[in-house]
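Everything below belongs to coords_22.cif, which stores mmCIF, C-alpha atoms.
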data_upload
loop_
_atom_site.label_atom_id
_atom_site.label_comp_id
_atom_site.auth_asym_id
_atom_site.auth_seq_id
_atom_site.Cartn_x
_atom_site.Cartn_y
_atom_site.Cartn_z
CA MET A 179 49.74 48.65 99.06
CA LYS A 180 52.70 50.78 98.02
CA THR A 181 54.91 47.66 97.88
CA ALA A 182 52.38 45.56 95.91
CA LEU A 183 51.77 48.18 93.18
CA PRO A 184 55.26 47.96 91.55
CA ILE A 185 55.05 44.18 91.63
CA VAL A 186 51.68 44.25 89.84
CA LEU A 187 53.02 46.66 87.23
CA LEU A 188 56.08 44.46 86.65
CA VAL A 189 53.93 41.37 86.15
CA MET A 190 51.69 43.25 83.71
CA ALA A 191 54.70 44.54 81.72
CA THR A 192 56.20 41.05 81.54
CA THR A 193 52.91 39.60 80.36
CA PHE A 194 52.54 42.36 77.74
CA LEU A 195 56.04 41.86 76.35
CA SER A 196 55.62 38.10 76.13
CA GLY A 197 52.27 38.67 74.45
CA CYS A 198 53.89 41.00 71.88
CA LYS A 199 56.38 38.29 71.06
CA ALA A 200 53.56 35.79 70.64
CA LEU A 201 51.73 38.20 68.35
CA PHE A 202 54.56 39.84 66.37
CA GLY A 203 57.56 37.53 66.79
CA ASN A 204 58.97 35.14 64.19
CA GLU A 205 56.38 32.56 65.23
CA GLY A 206 53.65 35.11 65.99
CA TRP A 207 50.36 35.63 64.23
CA PHE A 208 51.39 38.99 62.79
CA ARG A 209 55.03 38.27 61.97
CA ASP A 210 56.89 40.15 59.24
CA ARG A 211 56.41 38.26 55.96
CA GLU A 212 58.42 40.67 53.79
CA ASP A 213 61.16 38.17 52.95
CA ASP A 214 58.96 35.06 52.62
CA TYR A 215 59.24 35.18 48.82
CA LEU A 216 62.95 34.29 49.15
CA ALA A 217 61.97 30.81 50.33
CA SER A 218 59.35 30.25 47.62
CA LYS A 219 59.76 27.27 45.30
CA ARG A 220 58.82 26.76 41.68
CA THR A 221 55.90 24.39 41.10
CA GLU A 222 54.98 22.54 37.95
CA ARG A 223 52.49 24.19 35.61
CA MET A 224 48.99 22.80 35.40
CA LYS A 225 48.81 20.06 32.79
CA VAL A 226 45.89 20.19 30.38
CA PRO A 227 44.77 17.08 28.46
CA ASP A 228 45.68 17.02 24.76
CA GLY A 229 43.20 18.72 22.50
CA MET A 230 41.87 21.15 25.11
CA GLU A 231 42.25 24.92 24.96
CA THR A 232 44.83 26.35 27.39
CA ALA A 233 44.15 30.06 26.91
CA ALA A 234 41.77 30.18 29.86
CA ILE A 235 44.55 29.28 32.30
CA ASP A 236 47.27 31.41 30.77
CA ASP A 237 49.29 33.57 33.17
CA LEU A 238 47.52 36.88 33.76
CA LEU A 239 50.62 38.52 35.25
CA VAL A 240 54.00 37.53 33.92
CA ILE A 241 56.95 37.89 36.28
CA PRO A 242 59.83 39.60 34.43
CA ARG A 243 63.06 37.66 34.15
CA VAL A 244 65.94 38.83 36.34
CA GLU A 245 69.53 37.94 35.55
CA ARG A 246 71.23 35.96 38.32
CA THR A 247 73.73 38.16 40.11
CA THR A 248 75.02 38.90 43.58
CA ARG A 249 72.24 40.31 45.71
CA PRO A 250 72.95 43.97 46.56
CA ALA A 251 72.59 45.38 50.06
CA VAL A 252 69.32 47.04 49.04
CA PHE A 253 67.21 44.84 46.81
CA GLU A 254 63.83 45.84 45.37
CA VAL A 255 61.61 43.10 43.96
CA PRO A 256 60.63 43.94 40.33
CA ARG A 257 56.89 44.22 39.88
CA PRO A 258 55.02 42.51 37.03
CA GLU A 259 54.33 44.86 34.16
CA PRO A 260 50.73 45.76 33.23
CA LEU A 261 49.10 43.49 30.68
CA GLY A 262 49.09 46.16 28.01
CA THR A 263 52.84 46.83 28.31
CA GLN A 264 54.35 43.36 28.57
CA SER A 265 55.10 43.63 24.86
CA ARG A 266 53.53 45.83 22.26
CA GLU A 267 50.89 43.71 20.59
CA LYS A 268 51.33 43.11 16.89
CA VAL A 269 48.19 44.37 15.20
CA SER A 270 47.80 43.93 11.46
CA ILE A 271 45.09 43.75 8.81
CA GLN A 272 45.03 40.44 6.96
CA ARG A 273 43.46 39.97 3.53
CA VAL A 274 42.51 36.91 1.52
CA GLY A 275 40.55 37.62 -1.65
CA ASP A 276 37.79 40.09 -0.79
CA ARG A 277 37.89 39.28 2.94
CA SER A 278 39.74 41.36 5.54
CA TRP A 279 40.17 41.07 9.29
CA ILE A 280 42.42 42.32 12.08
CA LEU A 281 44.97 39.93 13.57
CA VAL A 282 46.13 40.69 17.12
CA GLU A 283 48.94 38.73 18.76
CA SER A 284 47.10 38.46 22.06
CA TYR A 285 44.40 36.32 23.66
CA PRO A 286 40.69 37.16 23.19
CA ALA A 287 40.40 37.86 26.92
CA GLU A 288 42.73 40.85 26.45
CA VAL A 289 41.45 41.95 23.03
CA TRP A 290 37.76 42.04 24.01
CA PRO A 291 38.00 45.00 26.46
CA ALA A 292 40.26 46.84 23.98
CA VAL A 293 37.64 46.55 21.22
CA ARG A 294 34.95 47.69 23.61
CA ASP A 295 37.12 50.63 24.58
CA PHE A 296 37.41 51.60 20.88
CA PHE A 297 33.65 52.08 20.61
CA GLU A 298 33.35 53.83 23.97
CA VAL A 299 36.03 56.46 23.34
CA ASN A 300 34.48 57.21 19.96
CA GLY A 301 30.97 57.63 21.35
CA ILE A 302 29.50 54.61 19.55
CA SER A 303 26.87 52.78 21.59
CA ILE A 304 26.73 49.00 21.90
CA ASP A 305 23.28 47.43 21.51
CA TYR A 306 24.29 43.82 22.10
CA GLU A 307 27.35 42.00 23.36
CA SER A 308 28.29 38.48 24.38
CA ALA A 309 31.86 37.95 25.47
CA ALA A 310 31.41 34.18 25.61
CA GLN A 311 30.36 34.17 21.94
CA GLY A 312 32.78 36.92 20.99
CA VAL A 313 30.04 39.08 19.41
CA MET A 314 29.47 42.81 19.76
CA GLU A 315 26.88 44.88 17.84
CA THR A 316 26.77 48.66 17.72
CA GLY A 317 23.71 50.87 17.76
CA TRP A 318 22.41 52.53 14.60
CA LEU A 319 24.62 55.28 13.17
CA THR A 320 24.08 57.97 10.55
CA GLY A 321 26.52 59.97 8.48
CA ARG A 322 25.04 63.19 9.85
CA GLY A 323 22.50 64.37 12.39
CA ALA A 324 21.73 63.11 15.88
CA GLY A 325 22.87 59.55 15.21
CA SER A 326 26.29 60.62 13.98
CA THR A 327 29.64 60.56 15.75
CA ASP A 328 32.90 62.25 14.80
CA LEU A 329 34.58 58.97 13.86
CA PHE A 330 31.72 57.55 11.80
CA ARG A 331 31.10 60.91 10.09
CA GLN A 332 34.76 60.94 9.03
CA VAL A 333 34.67 57.35 7.76
CA PHE A 334 31.30 57.89 6.09
CA THR A 335 32.45 61.03 4.25
CA GLN A 336 35.69 59.38 3.12
CA PHE A 337 34.31 56.07 1.82
CA VAL A 338 30.74 56.81 0.68
CA ARG A 339 30.64 58.35 -2.79
CA ASP A 340 27.19 59.85 -2.38
CA PRO A 341 27.13 61.31 1.16
CA ASP A 342 23.71 62.88 0.49
CA VAL A 343 22.04 59.47 0.64
CA GLU A 344 20.49 59.06 4.09
CA THR A 345 21.12 55.63 5.54
CA ARG A 346 21.22 54.00 8.92
CA ASP A 347 24.28 51.87 9.57
CA LYS A 348 25.53 49.51 12.23
CA PHE A 349 28.48 47.16 12.70
CA ARG A 350 28.90 43.69 14.10
CA VAL A 351 32.25 42.62 15.55
CA ARG A 352 33.12 38.95 15.92
CA LEU A 353 36.22 37.79 17.81
CA GLU A 354 37.66 34.38 17.02
CA HIS A 355 40.72 32.45 18.10
CA GLY A 356 43.51 32.98 15.59
CA VAL A 357 45.18 30.18 13.69
CA ARG A 358 48.25 30.64 15.86
CA MET A 359 47.88 29.92 19.57
CA GLY A 360 47.57 33.10 21.60
CA SER A 361 46.27 35.25 18.74
CA THR A 362 42.85 36.75 18.02
CA GLU A 363 41.02 37.56 14.80
CA ILE A 364 38.60 40.50 14.67
CA HIS A 365 36.01 40.25 11.90
CA LEU A 366 33.79 43.20 11.08
CA LEU A 367 30.43 43.19 9.29
CA HIS A 368 28.54 46.28 8.13
CA LYS A 369 24.77 46.57 7.66
CA SER A 370 22.99 49.50 6.04
CA VAL A 371 19.32 50.38 5.48
CA MET A 372 17.70 53.43 3.97
CA ALA A 373 16.83 55.86 6.74
CA ARG A 374 13.35 56.60 5.35
CA ASP A 375 12.51 53.23 3.82
CA ASP A 376 9.19 52.30 5.46
CA LYS A 377 9.13 48.99 3.56
CA VAL A 378 12.00 47.58 5.59
CA SER A 379 10.58 45.55 8.46
CA GLY A 380 12.09 45.33 11.90
CA VAL A 381 13.15 41.73 11.22
CA ASP A 382 14.98 42.74 8.04
CA ARG A 383 16.71 45.55 9.88
CA LEU A 384 18.21 43.01 12.29
CA ARG A 385 19.08 40.36 9.68
CA TRP A 386 22.81 40.52 9.06
CA PRO A 387 24.11 40.01 5.49
CA GLN A 388 26.72 37.41 4.54
CA LYS A 389 29.05 40.19 3.37
CA SER A 390 29.16 43.85 4.34
CA ASP A 391 26.62 46.03 2.58
CA HIS A 392 29.32 48.64 2.02
CA PRO A 393 32.89 47.21 1.84
CA GLY A 394 34.32 50.73 2.01
CA LEU A 395 32.74 51.44 5.39
CA GLU A 396 33.95 48.08 6.66
CA ALA A 397 37.50 48.81 5.47
CA GLY A 398 37.46 52.31 6.98
CA MET A 399 36.24 51.13 10.36
CA LEU A 400 38.74 48.24 10.37
CA LEU A 401 41.56 50.68 9.74
CA GLU A 402 40.43 52.98 12.56
CA MET A 403 40.13 50.02 14.93
CA GLN A 404 43.58 48.75 13.98
CA VAL A 405 45.15 52.14 14.76
CA HIS A 406 43.37 52.26 18.13
CA LEU A 407 44.49 48.75 19.12
CA ALA A 408 48.06 49.34 17.98
CA ARG A 409 48.35 52.51 20.07
CA GLY A 410 46.97 50.79 23.14
CA SER A 411 45.01 52.43 25.94
CA ASN A 412 45.41 52.51 29.70
CA ARG A 413 41.63 52.15 29.96
CA ALA A 414 41.72 48.85 28.09
CA ARG A 415 44.56 47.21 30.03
CA THR A 416 42.39 44.58 31.62
CA VAL A 417 41.22 41.05 31.05
CA SER A 418 37.69 39.87 30.40
CA LEU A 419 37.00 36.70 32.37
CA LEU A 420 33.95 36.07 30.20
CA ALA A 421 35.98 36.31 27.01
CA GLN A 422 38.36 33.67 28.35
CA SER A 423 35.61 31.13 27.70
CA LEU A 424 35.15 32.32 24.12
CA VAL A 425 33.46 29.52 22.23
CA GLY A 426 35.05 28.05 19.13
CA LYS A 427 37.53 25.29 18.46
CA PRO A 428 41.19 25.88 17.52
CA LYS A 429 41.73 26.60 13.85
CA ALA A 430 44.95 24.60 13.60
CA VAL A 431 45.25 21.19 15.24
CA TYR A 432 48.16 18.79 14.86
CA ALA A 433 46.88 15.21 14.97
CA ARG A 434 47.34 11.73 13.53
CA ASP A 435 45.08 9.79 11.24
CA ALA A 436 43.84 6.24 11.73
CA ASP A 437 47.16 4.86 10.45
CA GLY A 438 49.21 6.99 12.83
CA ASN A 439 50.46 9.40 10.16
CA PRO A 440 50.84 13.08 11.09
CA VAL A 441 48.21 15.46 9.73
CA LEU A 442 47.56 19.17 10.29
CA ARG A 443 43.83 19.99 10.42
CA LEU A 444 42.82 23.56 9.56
CA GLU A 445 39.33 24.85 10.34
CA LEU A 446 39.46 27.25 7.39
CA ASP A 447 37.97 27.47 3.92
CA PHE A 448 40.24 26.32 1.10
CA ASN A 449 41.20 29.78 -0.17
CA ARG A 450 42.42 30.93 3.20
CA ALA A 451 44.04 27.58 4.05
CA TRP A 452 45.96 27.63 0.76
CA ALA A 453 47.21 31.17 1.37
CA ALA A 454 48.04 30.46 5.03
CA VAL A 455 50.10 27.34 4.28
CA GLY A 456 51.99 29.09 1.50
CA GLN A 457 52.82 32.04 3.75
CA ALA A 458 53.83 29.72 6.58
CA LEU A 459 56.26 27.84 4.32
CA GLU A 460 57.75 31.14 3.21
CA ASP A 461 58.09 32.45 6.78
CA ALA A 462 59.70 29.16 7.85
CA LYS A 463 62.17 29.54 4.95
CA VAL A 464 61.18 26.20 3.49
CA ARG A 465 62.22 26.06 -0.16
CA VAL A 466 59.15 25.77 -2.42
CA HIS A 467 60.18 24.65 -5.91
CA ASP A 468 56.73 24.61 -7.44
CA LEU A 469 53.08 24.91 -6.55
CA ASP A 470 49.87 23.78 -8.20
CA ARG A 471 46.69 25.31 -6.82
CA SER A 472 44.47 23.10 -8.96
CA ARG A 473 46.03 20.08 -7.24
CA ALA A 474 46.34 21.90 -3.89
CA THR A 475 50.03 21.01 -3.66
CA TYR A 476 53.23 22.81 -2.67
CA LEU A 477 56.42 21.05 -3.82
CA VAL A 478 59.14 21.51 -1.19
CA THR A 479 62.61 20.17 -0.41
CA TRP A 480 63.62 18.64 2.89
CA LYS A 481 67.03 17.22 3.71
CA ASP A 482 67.89 15.17 6.81
CA SER A 483 71.61 15.63 7.43
CA GLY A 484 71.75 13.29 10.41
CA ASP A 485 72.38 13.73 14.13
CA GLY A 486 75.79 15.33 13.65
CA ASP A 487 74.45 18.30 11.71
CA GLU A 488 75.75 21.61 13.00
CA GLY A 489 73.89 23.74 10.49
CA GLY A 490 70.60 23.67 12.38
CA LEU A 491 67.12 23.25 11.05
CA LEU A 492 67.70 25.43 8.00
CA SER A 493 70.38 23.06 6.70
CA ARG A 494 67.85 20.23 6.75
CA ILE A 495 65.41 22.23 4.64
CA LEU A 496 67.64 23.78 2.00
CA PRO A 497 69.62 21.66 -0.49
CA GLY A 498 73.36 21.60 -0.01
CA GLY A 499 73.21 21.71 3.80
CA GLY A 500 72.24 25.37 3.88
CA ASP A 501 75.14 26.52 1.64
CA ASP A 502 74.46 30.07 0.49
CA ASP A 503 76.39 29.39 -2.74
CA SER A 504 73.87 26.81 -3.95
CA ASP A 505 72.04 27.71 -7.11
CA PRO A 506 68.31 28.18 -6.40
CA GLU A 507 67.55 27.14 -9.97
CA ASP A 508 69.12 23.70 -9.56
CA THR A 509 66.78 20.81 -10.23
CA PRO A 510 65.81 19.36 -6.84
CA ASP A 511 66.72 15.81 -5.99
CA PRO A 512 63.52 13.72 -6.30
CA ALA A 513 64.56 11.79 -3.20
CA LEU A 514 64.45 15.06 -1.22
CA THR A 515 61.27 16.44 -2.78
CA TYR A 516 57.97 16.22 -0.90
CA PRO A 517 54.52 17.48 -1.93
CA VAL A 518 52.67 19.28 0.87
CA HIS A 519 49.09 18.49 -0.04
CA LEU A 520 45.84 20.13 1.09
CA GLU A 521 42.64 18.11 0.95
CA SER A 522 39.08 18.74 2.07
CA SER A 523 37.55 16.44 4.68
CA ASP A 524 33.94 15.38 5.19
CA SER A 525 33.71 17.67 8.23
CA GLY A 526 34.52 20.72 6.11
CA SER A 527 38.04 21.24 7.45
CA ILE A 528 41.23 21.22 5.40
CA GLN A 529 43.78 18.50 6.12
CA VAL A 530 47.43 19.12 5.31
CA ARG A 531 49.57 16.03 4.63
CA VAL A 532 53.11 15.43 3.40
CA ARG A 533 53.75 12.83 0.71
CA ASP A 534 56.83 11.54 -1.06
CA SER A 535 57.72 11.92 -4.72
CA LYS A 536 55.72 8.76 -5.58
CA GLY A 537 52.53 9.98 -3.90
CA ALA A 538 52.81 7.72 -0.87
CA VAL A 539 52.74 9.02 2.69
CA ALA A 540 56.08 10.63 3.60
CA PRO A 541 58.18 9.18 6.44
CA VAL A 542 56.93 10.22 9.84
CA PRO A 543 60.02 12.33 10.76
CA VAL A 544 59.65 14.30 7.52
CA SER A 545 55.92 14.88 8.06
CA GLU A 546 56.40 15.85 11.68
CA THR A 547 59.08 18.43 10.85
CA LEU A 548 57.35 20.05 7.89
CA LEU A 549 53.89 20.12 9.45
CA GLY A 550 55.40 21.44 12.68
CA LEU A 551 57.05 24.28 10.78
CA VAL A 552 53.78 25.10 9.02
CA LYS A 553 51.82 25.15 12.28
CA GLU A 554 54.41 27.33 14.07
CA ASN A 555 54.34 29.92 11.29
CA LEU A 556 50.62 30.06 10.54
CA SER A 557 48.93 33.42 10.82
#
Please lay out the structure from this file as structure tokens.
Amino acid sequence: MKTALPIVLLVMATTFLSGCKALFGNEGWFRDREDDYLASKRTERMKVPDGMETAAIDDLLVIPRVERTTRPAVFEVPRPEPLGTQSREKVSIQRVGDRSWILVESYPAEVWPAVRDFFEVNGISIDYESAAQGVMETGWLTGRGAGSTDLFRQVFTQFVRDPDVETRDKFRVRLEHGVRMGSTEIHLLHKSVMARDDKVSGVDRLRWPQKSDHPGLEAGMLLEMQVHLARGSNRARTVSLLAQSLVGKPKAVYARDADGNPVLRLELDFNRAWAAVGQALEDAKVRVHDLDRSRATYLVTWKDSGDGDEGGLLSRILPGGGDDDSDPEDTPDPALTYPVHLESSDSGSIQVRVRDSKGAVAPVPVSETLLGLVKENLS
């Protein structure tokens, strides 16, 4: 017995060690996978058919770029930054005529929780919300009393001339895809009813007006929301999966007509489309010699300097190959002048086309370049 015991223990130890290797070795079930990422390979991005929205499959976590260098002895893998700190979102208030809205350079899936956070931190209840439709409605608010909040009381006192009038107010927020890919528009609508008006039915109380009942309250709340979104919030650094499926078609689509000519289709009313195209041409530094709103036309100059051009895109747009000494008052060469024309379609959208000085369709390369510049700079 005394001789057999050491032998049994030796066999058991050998079996245990071999088992550990099978479990924790390089080929084991529980092997160390710490350095597996070094052998990872880049795969092609998912391809989406033309005309379909790609926001829903956008990267949720972006891996920061690392300059190629010699690997140090101790190397720590950089972690992806939080969504809210990848880059500070550009938040601005846009105005066309008597309409205002907030433009955020971020996808609706990221903007939705930030807007919701704005109401929550300010103690404003939400009566209805649909992330898929991009709609959020607040509860009823008052300038004073039990239905008041610090934020709304401040806005109410600042923008309502007669604060003694007792009203009940609520707001409706609507998120839409921006004209530029990866941006979001926040539209705000205000509704007000007299607090003691027994003649107002429940149906009328819920019927939203075409325009805000009090533009001042709309403007004040938009400004407060813009400040909140621009500052950012750790609470709102998340993504709404429901808002990723936000309904609505893109507002700017590059396409071709039945004859194969390039056309830029804008799902906007004429006033906004006219302003957006003009601003896009300015931001793209395209020289506009004249404009005629009654004819919905911008007169621009485009110069193709050939394949050997070293001046870049700007030299193809400005006369004289981009020479800073050129006189901006010089009469443009008719052969280099192209009207950028806006026209309404039967579907209600605005179609932007490029024509030549004789009114015919401009050459395809000219149309492609100018319409591409407009689309890239729309906001």
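Rounded to one decimal, atom CA of Val371 of chain A and atom CA of Phe349 of chain A lie 12.1 Å from each other.
Put simply, atom CA of Phe330 of chain A is 18.3 Å away from atom CA of Ala292 of chain A.
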Interatomic distance between atom CA of Asp534 of chain A and atom CA of Ser557 of chain A?
26.1 Å
Just so the selection is clear, what residues does the PyMOL selection byres ((chain A and resi 454) around 12) cover here, as an MDAnalysis selection string?
chainID A and resid 272:274 356:358 429:430 444:453 455:461 520 528 530 552:557
Nearest to Glu288 of chain A among A:Ser522, A:Thr479, A:Thr362, A:Ser390, with distances taken over all atoms listed in the file: which residue is it?
A:Thr362
Which neighbours of Ser278 of chain A fall inside 12 Å, counting only C-alpha atoms, when residues of the same chain fewer than 3 positions from it are skipped, and could you give them as a ChimeraX atom specification?
/A:270-275,281,363-367,389-390,393-394,396-401,404,450
Would you write out, as a list in words, every residue that the PyMOL selection byres ((chain A and resi 433) around 12) captures in this file?
Asp228, Gly229, Ala430, Val431, Tyr432, Arg434, Asp435, Ala436, Asp437, Gly438, Asn439, Pro440, Val441, Leu442, Arg443, Leu444, Gln529, Val530, Arg531, Ser545, Glu546, Leu549, Gly550 and Lys553 of chain A
Run the PyMOL selection byres ((chain A and resi 533) around 8) on the file and write out the hits as a PyMOL selection string.
chain A and resi 516-519+531-532+534-540+545
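Nearest to Arg331 of chain A of all the residues A:Val464, A:Leu551, A:Leu395, A:Val269 is A:Leu395, counting all atoms listed in the file.
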Could you check which of A:Asp305, A:Gln311, A:Lys225, A:Gln388 is closest to Arg277 of chain A, using all atoms listed in the file?
A:Gln388
